[in-house]
$ cat coords.txt   # compact mmCIF, N, CA and C atoms
# COMPACT_ATOMS: atom_id res chain seq x y z
N MET A 1 81.65 110.24 108.03
CA MET A 1 82.95 109.73 107.67
C MET A 1 82.77 108.42 106.90
N ILE A 2 83.44 108.33 105.76
CA ILE A 2 83.39 107.13 104.93
C ILE A 2 84.78 106.51 104.91
N THR A 3 84.84 105.20 105.08
CA THR A 3 86.11 104.48 105.01
C THR A 3 86.20 103.76 103.67
N PHE A 4 87.30 104.00 102.96
CA PHE A 4 87.57 103.33 101.69
C PHE A 4 88.78 102.44 101.91
N GLU A 5 88.72 101.23 101.37
CA GLU A 5 89.86 100.33 101.47
C GLU A 5 90.14 99.76 100.09
N TYR A 6 91.37 99.91 99.63
CA TYR A 6 91.76 99.40 98.32
C TYR A 6 93.10 98.71 98.42
N ILE A 7 93.33 97.78 97.51
CA ILE A 7 94.63 97.16 97.37
C ILE A 7 95.41 98.03 96.40
N LEU A 8 96.52 98.58 96.89
CA LEU A 8 97.31 99.53 96.12
C LEU A 8 98.79 99.16 96.21
N LYS A 9 99.58 99.83 95.39
CA LYS A 9 101.02 99.58 95.39
C LYS A 9 101.76 100.87 95.67
N ASP A 10 102.59 100.84 96.70
CA ASP A 10 103.47 101.96 96.98
C ASP A 10 104.59 101.89 95.96
N ARG A 11 104.61 102.83 95.02
CA ARG A 11 105.56 102.78 93.90
C ARG A 11 107.00 103.03 94.33
N THR A 12 107.22 103.59 95.51
CA THR A 12 108.60 103.80 95.95
C THR A 12 109.19 102.54 96.55
N THR A 13 108.35 101.70 97.18
CA THR A 13 108.83 100.46 97.80
C THR A 13 108.37 99.22 97.06
N ASP A 14 107.45 99.38 96.09
CA ASP A 14 106.84 98.26 95.37
C ASP A 14 106.04 97.34 96.29
N LYS A 15 105.66 97.82 97.46
CA LYS A 15 104.89 97.02 98.40
C LYS A 15 103.40 97.13 98.05
N ILE A 16 102.78 95.97 97.84
CA ILE A 16 101.34 95.91 97.59
C ILE A 16 100.66 95.58 98.91
N GLY A 17 99.62 96.31 99.21
CA GLY A 17 98.91 96.06 100.45
C GLY A 17 97.54 96.72 100.45
N ARG A 18 96.81 96.47 101.51
CA ARG A 18 95.50 97.08 101.69
C ARG A 18 95.70 98.43 102.38
N TYR A 19 95.21 99.46 101.73
CA TYR A 19 95.33 100.80 102.27
C TYR A 19 93.93 101.31 102.58
N GLN A 20 93.80 101.91 103.76
CA GLN A 20 92.50 102.40 104.20
C GLN A 20 92.53 103.93 104.26
N PHE A 21 91.43 104.52 103.80
CA PHE A 21 91.30 105.97 103.77
C PHE A 21 90.00 106.35 104.45
N ASN A 22 90.04 107.41 105.23
CA ASN A 22 88.85 107.94 105.88
C ASN A 22 88.61 109.37 105.39
N TYR A 23 87.47 109.58 104.77
CA TYR A 23 87.12 110.89 104.24
C TYR A 23 85.65 111.16 104.51
N GLU A 24 85.31 112.41 104.40
CA GLU A 24 83.93 112.83 104.60
C GLU A 24 83.04 112.35 103.45
N ASN A 25 83.59 112.32 102.23
CA ASN A 25 82.81 111.90 101.07
C ASN A 25 83.76 111.43 99.97
N GLU A 26 83.20 110.83 98.93
CA GLU A 26 84.02 110.29 97.85
C GLU A 26 84.76 111.38 97.08
N ASP A 27 84.15 112.53 96.91
CA ASP A 27 84.81 113.63 96.20
C ASP A 27 86.10 114.05 96.90
N GLU A 28 86.05 114.12 98.22
CA GLU A 28 87.23 114.47 99.00
C GLU A 28 88.33 113.42 98.82
N MET A 29 87.93 112.16 98.82
CA MET A 29 88.88 111.07 98.64
C MET A 29 89.49 111.10 97.25
N LEU A 30 88.68 111.36 96.22
CA LEU A 30 89.18 111.39 94.85
C LEU A 30 90.21 112.49 94.64
N LYS A 31 90.07 113.58 95.38
CA LYS A 31 91.05 114.67 95.27
C LYS A 31 92.37 114.28 95.92
N ALA A 32 92.33 113.39 96.90
CA ALA A 32 93.52 113.05 97.67
C ALA A 32 94.24 111.79 97.19
N ILE A 33 93.53 110.88 96.56
CA ILE A 33 94.14 109.59 96.21
C ILE A 33 95.18 109.75 95.10
N ASP A 34 96.24 109.00 95.22
CA ASP A 34 97.32 109.00 94.23
C ASP A 34 97.04 107.87 93.25
N PHE A 35 96.59 108.22 92.06
CA PHE A 35 96.24 107.21 91.06
C PHE A 35 97.45 106.40 90.59
N ASP A 36 98.65 106.89 90.86
CA ASP A 36 99.85 106.11 90.53
C ASP A 36 99.97 104.87 91.40
N MET A 37 99.23 104.83 92.50
CA MET A 37 99.28 103.66 93.38
C MET A 37 98.37 102.52 92.89
N LEU A 38 97.52 102.79 91.93
CA LEU A 38 96.63 101.76 91.43
C LEU A 38 97.42 100.70 90.68
N LEU A 39 97.03 99.46 90.84
CA LEU A 39 97.73 98.36 90.19
C LEU A 39 97.34 98.26 88.72
N THR A 40 98.27 97.76 87.92
CA THR A 40 97.99 97.50 86.52
C THR A 40 97.15 96.23 86.41
N ILE A 41 96.64 95.95 85.23
CA ILE A 41 95.86 94.73 85.00
C ILE A 41 96.68 93.51 85.39
N ASP A 42 97.92 93.46 84.94
CA ASP A 42 98.79 92.32 85.21
C ASP A 42 99.07 92.18 86.71
N GLU A 43 99.30 93.30 87.39
CA GLU A 43 99.54 93.26 88.84
C GLU A 43 98.30 92.80 89.59
N MET A 44 97.11 93.25 89.15
CA MET A 44 95.87 92.80 89.78
C MET A 44 95.71 91.29 89.62
N ALA A 45 95.98 90.79 88.41
CA ALA A 45 95.85 89.35 88.15
C ALA A 45 96.78 88.55 89.05
N ASP A 46 98.03 88.99 89.17
CA ASP A 46 98.99 88.30 90.03
C ASP A 46 98.54 88.33 91.49
N CYS A 47 98.04 89.46 91.92
CA CYS A 47 97.60 89.63 93.30
C CYS A 47 96.45 88.67 93.64
N VAL A 48 95.47 88.58 92.74
CA VAL A 48 94.33 87.69 92.98
C VAL A 48 94.79 86.24 92.93
N LEU A 49 95.62 85.90 91.97
CA LEU A 49 96.11 84.52 91.88
C LEU A 49 96.90 84.13 93.13
N ASP A 50 97.63 85.07 93.71
CA ASP A 50 98.36 84.80 94.95
C ASP A 50 97.41 84.46 96.10
N GLU A 51 96.19 84.98 96.05
CA GLU A 51 95.20 84.72 97.08
C GLU A 51 94.40 83.45 96.82
N PHE A 52 94.41 82.98 95.60
CA PHE A 52 93.66 81.78 95.25
C PHE A 52 94.30 80.54 95.87
N SER A 53 93.47 79.61 96.30
CA SER A 53 93.97 78.30 96.71
C SER A 53 94.33 77.52 95.45
N GLN A 54 95.03 76.41 95.62
CA GLN A 54 95.35 75.59 94.46
C GLN A 54 94.07 75.08 93.80
N GLN A 55 93.06 74.78 94.60
CA GLN A 55 91.79 74.32 94.04
C GLN A 55 91.13 75.40 93.19
N ASP A 56 91.17 76.65 93.69
CA ASP A 56 90.62 77.78 92.92
C ASP A 56 91.35 77.92 91.58
N LYS A 57 92.67 77.79 91.63
CA LYS A 57 93.46 77.89 90.40
C LYS A 57 93.10 76.76 89.43
N ASP A 58 92.99 75.56 89.95
CA ASP A 58 92.65 74.41 89.12
C ASP A 58 91.27 74.58 88.50
N ASP A 59 90.33 75.08 89.30
CA ASP A 59 88.96 75.28 88.80
C ASP A 59 88.94 76.30 87.66
N MET A 60 89.65 77.42 87.84
CA MET A 60 89.66 78.44 86.79
C MET A 60 90.39 77.92 85.55
N LYS A 61 91.48 77.23 85.76
CA LYS A 61 92.27 76.72 84.64
C LYS A 61 91.47 75.74 83.80
N SER A 62 90.60 74.96 84.43
CA SER A 62 89.84 73.93 83.71
C SER A 62 88.69 74.50 82.88
N LEU A 63 88.37 75.78 83.09
CA LEU A 63 87.27 76.40 82.34
C LEU A 63 87.68 76.67 80.89
N GLU A 64 86.69 76.65 80.03
CA GLU A 64 86.88 77.16 78.68
C GLU A 64 86.88 78.69 78.80
N TYR A 65 87.57 79.34 77.91
CA TYR A 65 87.68 80.80 77.94
C TYR A 65 86.31 81.47 78.06
N ALA A 66 85.34 81.00 77.30
CA ALA A 66 84.01 81.60 77.28
C ALA A 66 83.27 81.42 78.62
N GLU A 67 83.73 80.50 79.45
CA GLU A 67 83.07 80.24 80.73
C GLU A 67 83.52 81.18 81.85
N LEU A 68 84.49 82.03 81.58
CA LEU A 68 84.98 82.95 82.61
C LEU A 68 83.90 83.86 83.15
N THR A 69 82.86 84.09 82.37
CA THR A 69 81.78 84.98 82.82
C THR A 69 81.09 84.46 84.08
N ARG A 70 81.24 83.18 84.38
CA ARG A 70 80.62 82.65 85.60
C ARG A 70 81.21 83.28 86.86
N TYR A 71 82.39 83.89 86.75
CA TYR A 71 83.03 84.56 87.88
C TYR A 71 82.64 86.03 88.02
N HIS A 72 81.79 86.53 87.15
CA HIS A 72 81.45 87.96 87.13
C HIS A 72 80.92 88.45 88.49
N HIS A 73 80.03 87.70 89.12
CA HIS A 73 79.40 88.15 90.37
C HIS A 73 80.15 87.74 91.62
N SER A 74 81.27 87.05 91.47
CA SER A 74 82.05 86.64 92.64
C SER A 74 83.44 87.26 92.55
N VAL A 75 84.35 86.60 91.87
CA VAL A 75 85.71 87.11 91.73
C VAL A 75 85.71 88.48 91.05
N GLY A 76 84.91 88.63 90.02
CA GLY A 76 84.84 89.91 89.31
C GLY A 76 84.42 91.05 90.22
N GLN A 77 83.42 90.80 91.05
CA GLN A 77 82.96 91.83 91.98
C GLN A 77 84.05 92.17 92.99
N ASP A 78 84.73 91.15 93.49
CA ASP A 78 85.83 91.40 94.43
C ASP A 78 86.92 92.24 93.78
N ILE A 79 87.24 91.95 92.52
CA ILE A 79 88.25 92.73 91.80
C ILE A 79 87.81 94.18 91.65
N ARG A 80 86.57 94.38 91.23
CA ARG A 80 86.07 95.75 91.04
C ARG A 80 86.13 96.56 92.33
N ASN A 81 85.80 95.92 93.43
CA ASN A 81 85.77 96.63 94.71
C ASN A 81 87.16 96.80 95.32
N ALA A 82 87.97 95.75 95.30
CA ALA A 82 89.26 95.77 96.00
C ALA A 82 90.29 96.66 95.33
N PHE A 83 90.22 96.79 94.01
CA PHE A 83 91.25 97.52 93.29
C PHE A 83 90.79 98.90 92.82
N GLY A 84 89.67 99.35 93.34
CA GLY A 84 89.22 100.71 93.05
C GLY A 84 88.77 100.93 91.62
N LEU A 85 88.22 99.90 91.00
CA LEU A 85 87.80 100.07 89.61
C LEU A 85 86.60 100.98 89.46
N TRP A 86 85.88 101.23 90.55
CA TRP A 86 84.73 102.14 90.50
C TRP A 86 85.15 103.60 90.67
N LEU A 87 86.43 103.84 90.96
CA LEU A 87 86.89 105.22 91.16
C LEU A 87 86.85 106.00 89.85
N ASP A 88 86.23 107.15 89.88
CA ASP A 88 86.25 108.04 88.71
C ASP A 88 87.68 108.43 88.41
N GLY A 89 88.08 108.27 87.17
CA GLY A 89 89.43 108.64 86.78
C GLY A 89 90.44 107.52 86.86
N ASN A 90 90.01 106.31 87.26
CA ASN A 90 90.95 105.19 87.31
C ASN A 90 91.49 104.94 85.90
N PRO A 91 92.80 105.06 85.71
CA PRO A 91 93.37 104.93 84.37
C PRO A 91 93.28 103.52 83.79
N ASN A 92 93.01 102.53 84.62
CA ASN A 92 92.87 101.15 84.12
C ASN A 92 91.50 100.88 83.53
N VAL A 93 90.54 101.74 83.81
CA VAL A 93 89.17 101.54 83.36
C VAL A 93 88.94 102.37 82.10
N LEU A 94 88.97 101.70 80.96
CA LEU A 94 88.80 102.41 79.69
C LEU A 94 87.33 102.56 79.33
N ASN A 95 86.51 101.56 79.64
CA ASN A 95 85.09 101.62 79.32
C ASN A 95 84.22 101.55 80.57
N HIS A 96 84.26 100.40 81.22
CA HIS A 96 83.41 100.16 82.40
C HIS A 96 84.16 99.23 83.34
N PRO A 97 83.98 99.38 84.66
CA PRO A 97 84.65 98.50 85.61
C PRO A 97 84.39 97.01 85.35
N ASP A 98 83.20 96.66 84.84
CA ASP A 98 82.92 95.26 84.52
C ASP A 98 83.87 94.74 83.45
N ASP A 99 84.14 95.57 82.45
CA ASP A 99 85.05 95.18 81.37
C ASP A 99 86.47 95.00 81.91
N THR A 100 86.87 95.88 82.80
CA THR A 100 88.22 95.81 83.35
C THR A 100 88.39 94.59 84.24
N SER A 101 87.40 94.29 85.07
CA SER A 101 87.52 93.09 85.91
C SER A 101 87.54 91.84 85.05
N MET A 102 86.82 91.86 83.93
CA MET A 102 86.88 90.72 83.01
C MET A 102 88.26 90.59 82.40
N GLU A 103 88.87 91.72 82.07
CA GLU A 103 90.23 91.69 81.52
C GLU A 103 91.21 91.11 82.55
N VAL A 104 91.03 91.43 83.82
CA VAL A 104 91.87 90.86 84.88
C VAL A 104 91.68 89.35 84.94
N MET A 105 90.42 88.91 84.90
CA MET A 105 90.16 87.46 84.96
C MET A 105 90.69 86.74 83.73
N GLU A 106 90.61 87.38 82.57
CA GLU A 106 91.17 86.78 81.36
C GLU A 106 92.68 86.64 81.49
N THR A 107 93.32 87.65 82.06
CA THR A 107 94.77 87.60 82.28
C THR A 107 95.12 86.48 83.25
N MET A 108 94.32 86.34 84.31
CA MET A 108 94.54 85.26 85.26
C MET A 108 94.43 83.91 84.56
N TRP A 109 93.39 83.73 83.77
CA TRP A 109 93.14 82.48 83.06
C TRP A 109 94.31 82.17 82.13
N GLU A 110 94.78 83.20 81.40
CA GLU A 110 95.91 82.99 80.48
C GLU A 110 97.16 82.59 81.25
N LYS A 111 97.41 83.23 82.39
CA LYS A 111 98.58 82.87 83.20
C LYS A 111 98.47 81.42 83.67
N LEU A 112 97.28 81.00 84.04
CA LEU A 112 97.09 79.61 84.49
C LEU A 112 97.27 78.63 83.34
N GLN A 113 96.84 79.00 82.15
CA GLN A 113 97.02 78.13 80.99
C GLN A 113 98.50 77.98 80.65
N ASP A 114 99.26 79.04 80.85
CA ASP A 114 100.69 79.02 80.54
C ASP A 114 101.52 78.34 81.62
N ASN A 115 100.93 78.17 82.81
CA ASN A 115 101.65 77.61 83.94
C ASN A 115 101.64 76.09 83.85
N ILE A 116 102.76 75.54 83.48
CA ILE A 116 102.84 74.08 83.38
C ILE A 116 103.80 73.53 84.43
N ALA A 117 104.09 74.34 85.45
CA ALA A 117 104.99 73.90 86.51
C ALA A 117 104.42 72.65 87.17
N GLY A 118 105.28 71.70 87.40
CA GLY A 118 104.86 70.48 88.07
C GLY A 118 104.29 69.45 87.14
N SER A 119 104.12 69.79 85.86
CA SER A 119 103.60 68.80 84.94
C SER A 119 104.71 67.87 84.50
N THR A 120 104.34 66.73 84.03
CA THR A 120 105.33 65.77 83.55
C THR A 120 105.06 65.46 82.10
N VAL A 121 106.10 65.12 81.41
CA VAL A 121 105.98 64.76 80.02
C VAL A 121 106.20 63.26 79.91
N MET A 122 105.24 62.59 79.30
CA MET A 122 105.37 61.15 79.14
C MET A 122 106.36 60.88 78.02
N GLN A 123 107.30 60.01 78.27
CA GLN A 123 108.29 59.66 77.27
C GLN A 123 108.07 58.20 76.86
N PHE A 124 108.09 57.98 75.58
CA PHE A 124 107.95 56.63 75.06
C PHE A 124 109.31 56.11 74.69
N ILE A 125 109.62 54.91 75.13
CA ILE A 125 110.93 54.30 74.82
C ILE A 125 110.76 53.22 73.79
$ encode --input "coords.txt" --output "structure tokens"
Amino acid sequence: MITFEYILKDRTTDKIGRYQFNYENEDEMLKAIDFDMLLTIDEMADCVLDEFSQQDKDDMKSLEYAELTRYHHSVGQDIRNAFGLWLDGNPNVLNHPDDTSMEVMETMWEKLQDNIAGSTVMQFI
């Protein structure tokens, strides 16, 4: 018996959560899983950002775009595993799970760059 756990979205309730599956093998699981429950790139980015501490957000935001690769073996690996990017037939994976997790991290970085909540504008009198 193999246990699979992925973060998925119930499309009828829009509830995102960790769903656990028990199957004899991966082939059996692939036949049963509903690929409509897989999160989009944008939903994955929001989900990970929701789990990030403010320090994690600040650290990612302060990076140059080209420096995002430093997260490949940490955040990227968590994304690939948690969101089922290794599943054969995952519609979010166009080339390779590594590319898709990078796209999620790029989306996260862009969202953080656009987030100016709490900032102040200096006014000169």
$ select_by_dssp --input "coords.txt" --residues "chain A" --states "strand (DSSP E)" --output "list in words"
Ile2, Thr3, Phe4, Glu5, Tyr6, Ile7, Leu8, Lys9, Asp10, Lys15, Ile16, Gly17, Arg18, Tyr19, Gln20, Phe21, Asn22 and Tyr23 of chain A
$ residues_near_point --input "coords.txt" --point "(104.9, 101.1, 95.3)" --cutoff "12 Å" --atoms "only C-alpha atoms" --output "number ranges by chain"
A: 7-17, 19, 34-40, 43
$ write_last_selection --input "coords.txt" --atoms "N, CA and C atoms" --output "JSON list (two decimals), in the frame of the given file"
[["chain", "number", "residue", "atom", "x", "y", "z"],
["A", 7, "ILE", "N", 93.33, 97.78, 97.51],
["A", 7, "ILE", "CA", 94.63, 97.16, 97.37],
["A", 7, "ILE", "C", 95.41, 98.03, 96.40],
["A", 8, "LEU", "N", 96.52, 98.58, 96.89],
["A", 8, "LEU", "CA", 97.31, 99.53, 96.12],
["A", 8, "LEU", "C", 98.79, 99.16, 96.21],
["A", 9, "LYS", "N", 99.58, 99.83, 95.39],
["A", 9, "LYS", "CA", 101.02, 99.58, 95.39],
["A", 9, "LYS", "C", 101.76, 100.87, 95.67],
["A", 10, "ASP", "N", 102.59, 100.84, 96.70],
["A", 10, "ASP", "CA", 103.47, 101.96, 96.98],
["A", 10, "ASP", "C", 104.59, 101.89, 95.96],
["A", 11, "ARG", "N", 104.61, 102.83, 95.02],
["A", 11, "ARG", "CA", 105.56, 102.78, 93.90],
["A", 11, "ARG", "C", 107.00, 103.03, 94.33],
["A", 12, "THR", "N", 107.22, 103.59, 95.51],
["A", 12, "THR", "CA", 108.60, 103.80, 95.95],
["A", 12, "THR", "C", 109.19, 102.54, 96.55],
["A", 13, "THR", "N", 108.35, 101.70, 97.18],
["A", 13, "THR", "CA", 108.83, 100.46, 97.80],
["A", 13, "THR", "C", 108.37, 99.22, 97.06],
["A", 14, "ASP", "N", 107.45, 99.38, 96.09],
["A", 14, "ASP", "CA", 106.84, 98.26, 95.37],
["A", 14, "ASP", "C", 106.04, 97.34, 96.29],
["A", 15, "LYS", "N", 105.66, 97.82, 97.46],
["A", 15, "LYS", "CA", 104.89, 97.02, 98.40],
["A", 15, "LYS", "C", 103.40, 97.13, 98.05],
["A", 16, "ILE", "N", 102.78, 95.97, 97.84],
["A", 16, "ILE", "CA", 101.34, 95.91, 97.59],
["A", 16, "ILE", "C", 100.66, 95.58, 98.91],
["A", 17, "GLY", "N", 99.62, 96.31, 99.21],
["A", 17, "GLY", "CA", 98.91, 96.06, 100.45],
["A", 17, "GLY", "C", 97.54, 96.72, 100.45],
["A", 19, "TYR", "N", 95.21, 99.46, 101.73],
["A", 19, "TYR", "CA", 95.33, 100.80, 102.27],
["A", 19, "TYR", "C", 93.93, 101.31, 102.58],
["A", 34, "ASP", "N", 96.24, 109.00, 95.22],
["A", 34, "ASP", "CA", 97.32, 109.00, 94.23],
["A", 34, "ASP", "C", 97.04, 107.87, 93.25],
["A", 35, "PHE", "N", 96.59, 108.22, 92.06],
["A", 35, "PHE", "CA", 96.24, 107.21, 91.06],
["A", 35, "PHE", "C", 97.45, 106.40, 90.59],
["A", 36, "ASP", "N", 98.65, 106.89, 90.86],
["A", 36, "ASP", "CA", 99.85, 106.11, 90.53],
["A", 36, "ASP", "C", 99.97, 104.87, 91.40],
["A", 37, "MET", "N", 99.23, 104.83, 92.50],
["A", 37, "MET", "CA", 99.28, 103.66, 93.38],
["A", 37, "MET", "C", 98.37, 102.52, 92.89],
["A", 38, "LEU", "N", 97.52, 102.79, 91.93],
["A", 38, "LEU", "CA", 96.63, 101.76, 91.43],
["A", 38, "LEU", "C", 97.42, 100.70, 90.68],
["A", 39, "LEU", "N", 97.03, 99.46, 90.84],
["A", 39, "LEU", "CA", 97.73, 98.36, 90.19],
["A", 39, "LEU", "C", 97.34, 98.26, 88.72],
["A", 40, "THR", "N", 98.27, 97.76, 87.92],
["A", 40, "THR", "CA", 97.99, 97.50, 86.52],
["A", 40, "THR", "C", 97.15, 96.23, 86.41],
["A", 43, "GLU", "N", 99.30, 93.30, 87.39],
["A", 43, "GLU", "CA", 99.54, 93.26, 88.84],
["A", 43, "GLU", "C", 98.30, 92.80, 89.59]]
$ atom_distance --input "coords.txt" --atom1 "atom C of Asp59 (chain A)" --atom2 "atom C of Arg80 (chain A)"
21.0 Å
$ closest_residue --input "coords.txt" --among "A:Gln55, A:Ser62, A:Glu28, A:Ile41" --to "Val93 (chain A)" --atoms "only C-alpha atoms"
A:Ile41
$ residues_near_point --input "coords.txt" --point "(91.9, 101.6, 91.3)" --cutoff "7 Å" --atoms "all atoms listed in the file" --output "VMD selection string"
chain A and resid 37 to 39 82 to 87 90 to 92
$ atom_distance --input "coords.txt" --atom1 "atom C of Thr3 (chain A)" --atom2 "CA of Gly89 (chain A)"
17.9 Å
$ atom_distance --input "coords.txt" --atom1 "CA of His73 (chain A)" --atom2 "atom N of Met29 (chain A)"
26.8 Å
$ residues_around --input "coords.txt" --residues "Thr107 (chain A)" --least-positions-apart "4" --cutoff "7 Å" --atoms "only N, CA and C atoms" --output "ChimeraX atom specification"
/A:41-42,45,102-103,111-112
$ closest_residue --input "coords.txt" --among "A:Asp46, A:Asp58, A:Glu5, A:Asp88" --to "Gln113 (chain A)" --atoms "only C-alpha atoms"
A:Asp58
$ select_by_dssp --input "coords.txt" --residues "chain A" --states "alpha helix (DSSP H)" --output "JSON, numbers by chain"
{"A": [26, 27, 28, 29, 30, 31, 32, 41, 42, 43, 44, 45, 46, 47, 48, 49, 50, 51, 54, 55, 56, 57, 58, 59, 60, 61, 62, 75, 76, 77, 78, 79, 80, 81, 82, 97, 98, 99, 100, 101, 102, 103, 104, 105, 106, 107, 108, 109, 110, 111, 112, 113, 114]}
$ residues_around --input "coords.txt" --residues "His72 (chain A)" --least-positions-apart "3" --cutoff "10 Å" --atoms "only C-alpha atoms" --output "VMD selection string"
chain A and resid 68 to 69 75 to 80 98 to 99 101 to 102 105
$ decode --input "coords.txt" --residues "region 27-48 of chain A" --atoms "N, CA and C atoms" --output "short mmCIF file (atom, residue, chain, number, x, y, z; two decimals), in the first residue's frame"
data_model
loop_
_atom_site.label_atom_id
_atom_site.label_comp_id
_atom_site.auth_asym_id
_atom_site.auth_seq_id
_atom_site.Cartn_x
_atom_site.Cartn_y
_atom_site.Cartn_z
N ASP A 27 0.06 3.49 -10.62
CA ASP A 27 -0.84 3.32 -11.76
C ASP A 27 -2.31 3.31 -11.32
N GLU A 28 -2.57 2.62 -10.22
CA GLU A 28 -3.93 2.56 -9.69
C GLU A 28 -4.39 3.96 -9.26
N MET A 29 -3.50 4.70 -8.64
CA MET A 29 -3.82 6.05 -8.20
C MET A 29 -4.07 6.97 -9.38
N LEU A 30 -3.25 6.86 -10.43
CA LEU A 30 -3.41 7.72 -11.60
C LEU A 30 -4.74 7.49 -12.30
N LYS A 31 -5.25 6.28 -12.23
CA LYS A 31 -6.55 5.98 -12.84
C LYS A 31 -7.69 6.61 -12.03
N ALA A 32 -7.47 6.80 -10.73
CA ALA A 32 -8.54 7.26 -9.85
C ALA A 32 -8.52 8.77 -9.59
N ILE A 33 -7.36 9.40 -9.69
CA ILE A 33 -7.27 10.81 -9.31
C ILE A 33 -8.01 11.71 -10.30
N ASP A 34 -8.64 12.72 -9.77
CA ASP A 34 -9.37 13.70 -10.58
C ASP A 34 -8.43 14.86 -10.86
N PHE A 35 -7.93 14.94 -12.08
CA PHE A 35 -6.97 15.99 -12.44
C PHE A 35 -7.58 17.39 -12.38
N ASP A 36 -8.90 17.48 -12.34
CA ASP A 36 -9.54 18.78 -12.19
C ASP A 36 -9.30 19.36 -10.80
N MET A 37 -8.87 18.52 -9.86
CA MET A 37 -8.60 19.00 -8.51
C MET A 37 -7.21 19.64 -8.38
N LEU A 38 -6.38 19.48 -9.38
CA LEU A 38 -5.04 20.05 -9.31
C LEU A 38 -5.11 21.57 -9.39
N LEU A 39 -4.27 22.23 -8.63
CA LEU A 39 -4.27 23.69 -8.60
C LEU A 39 -3.56 24.25 -9.83
N THR A 40 -3.99 25.44 -10.22
CA THR A 40 -3.33 26.15 -11.31
C THR A 40 -2.02 26.75 -10.78
N ILE A 41 -1.20 27.26 -11.68
CA ILE A 41 0.06 27.90 -11.28
C ILE A 41 -0.22 29.02 -10.29
N ASP A 42 -1.19 29.86 -10.61
CA ASP A 42 -1.52 31.00 -9.75
C ASP A 42 -2.02 30.54 -8.38
N GLU A 43 -2.85 29.50 -8.36
CA GLU A 43 -3.36 28.98 -7.09
C GLU A 43 -2.23 28.37 -6.26
N MET A 44 -1.30 27.67 -6.91
CA MET A 44 -0.15 27.12 -6.19
C MET A 44 0.68 28.24 -5.56
N ALA A 45 0.92 29.30 -6.33
CA ALA A 45 1.71 30.43 -5.83
C ALA A 45 1.04 31.05 -4.61
N ASP A 46 -0.26 31.27 -4.69
CA ASP A 46 -0.99 31.85 -3.55
C ASP A 46 -0.93 30.93 -2.33
N CYS A 47 -1.07 29.64 -2.56
CA CYS A 47 -1.05 28.67 -1.48
C CYS A 47 0.30 28.67 -0.75
N VAL A 48 1.39 28.68 -1.52
CA VAL A 48 2.72 28.69 -0.90
C VAL A 48 2.96 30.01 -0.18
#
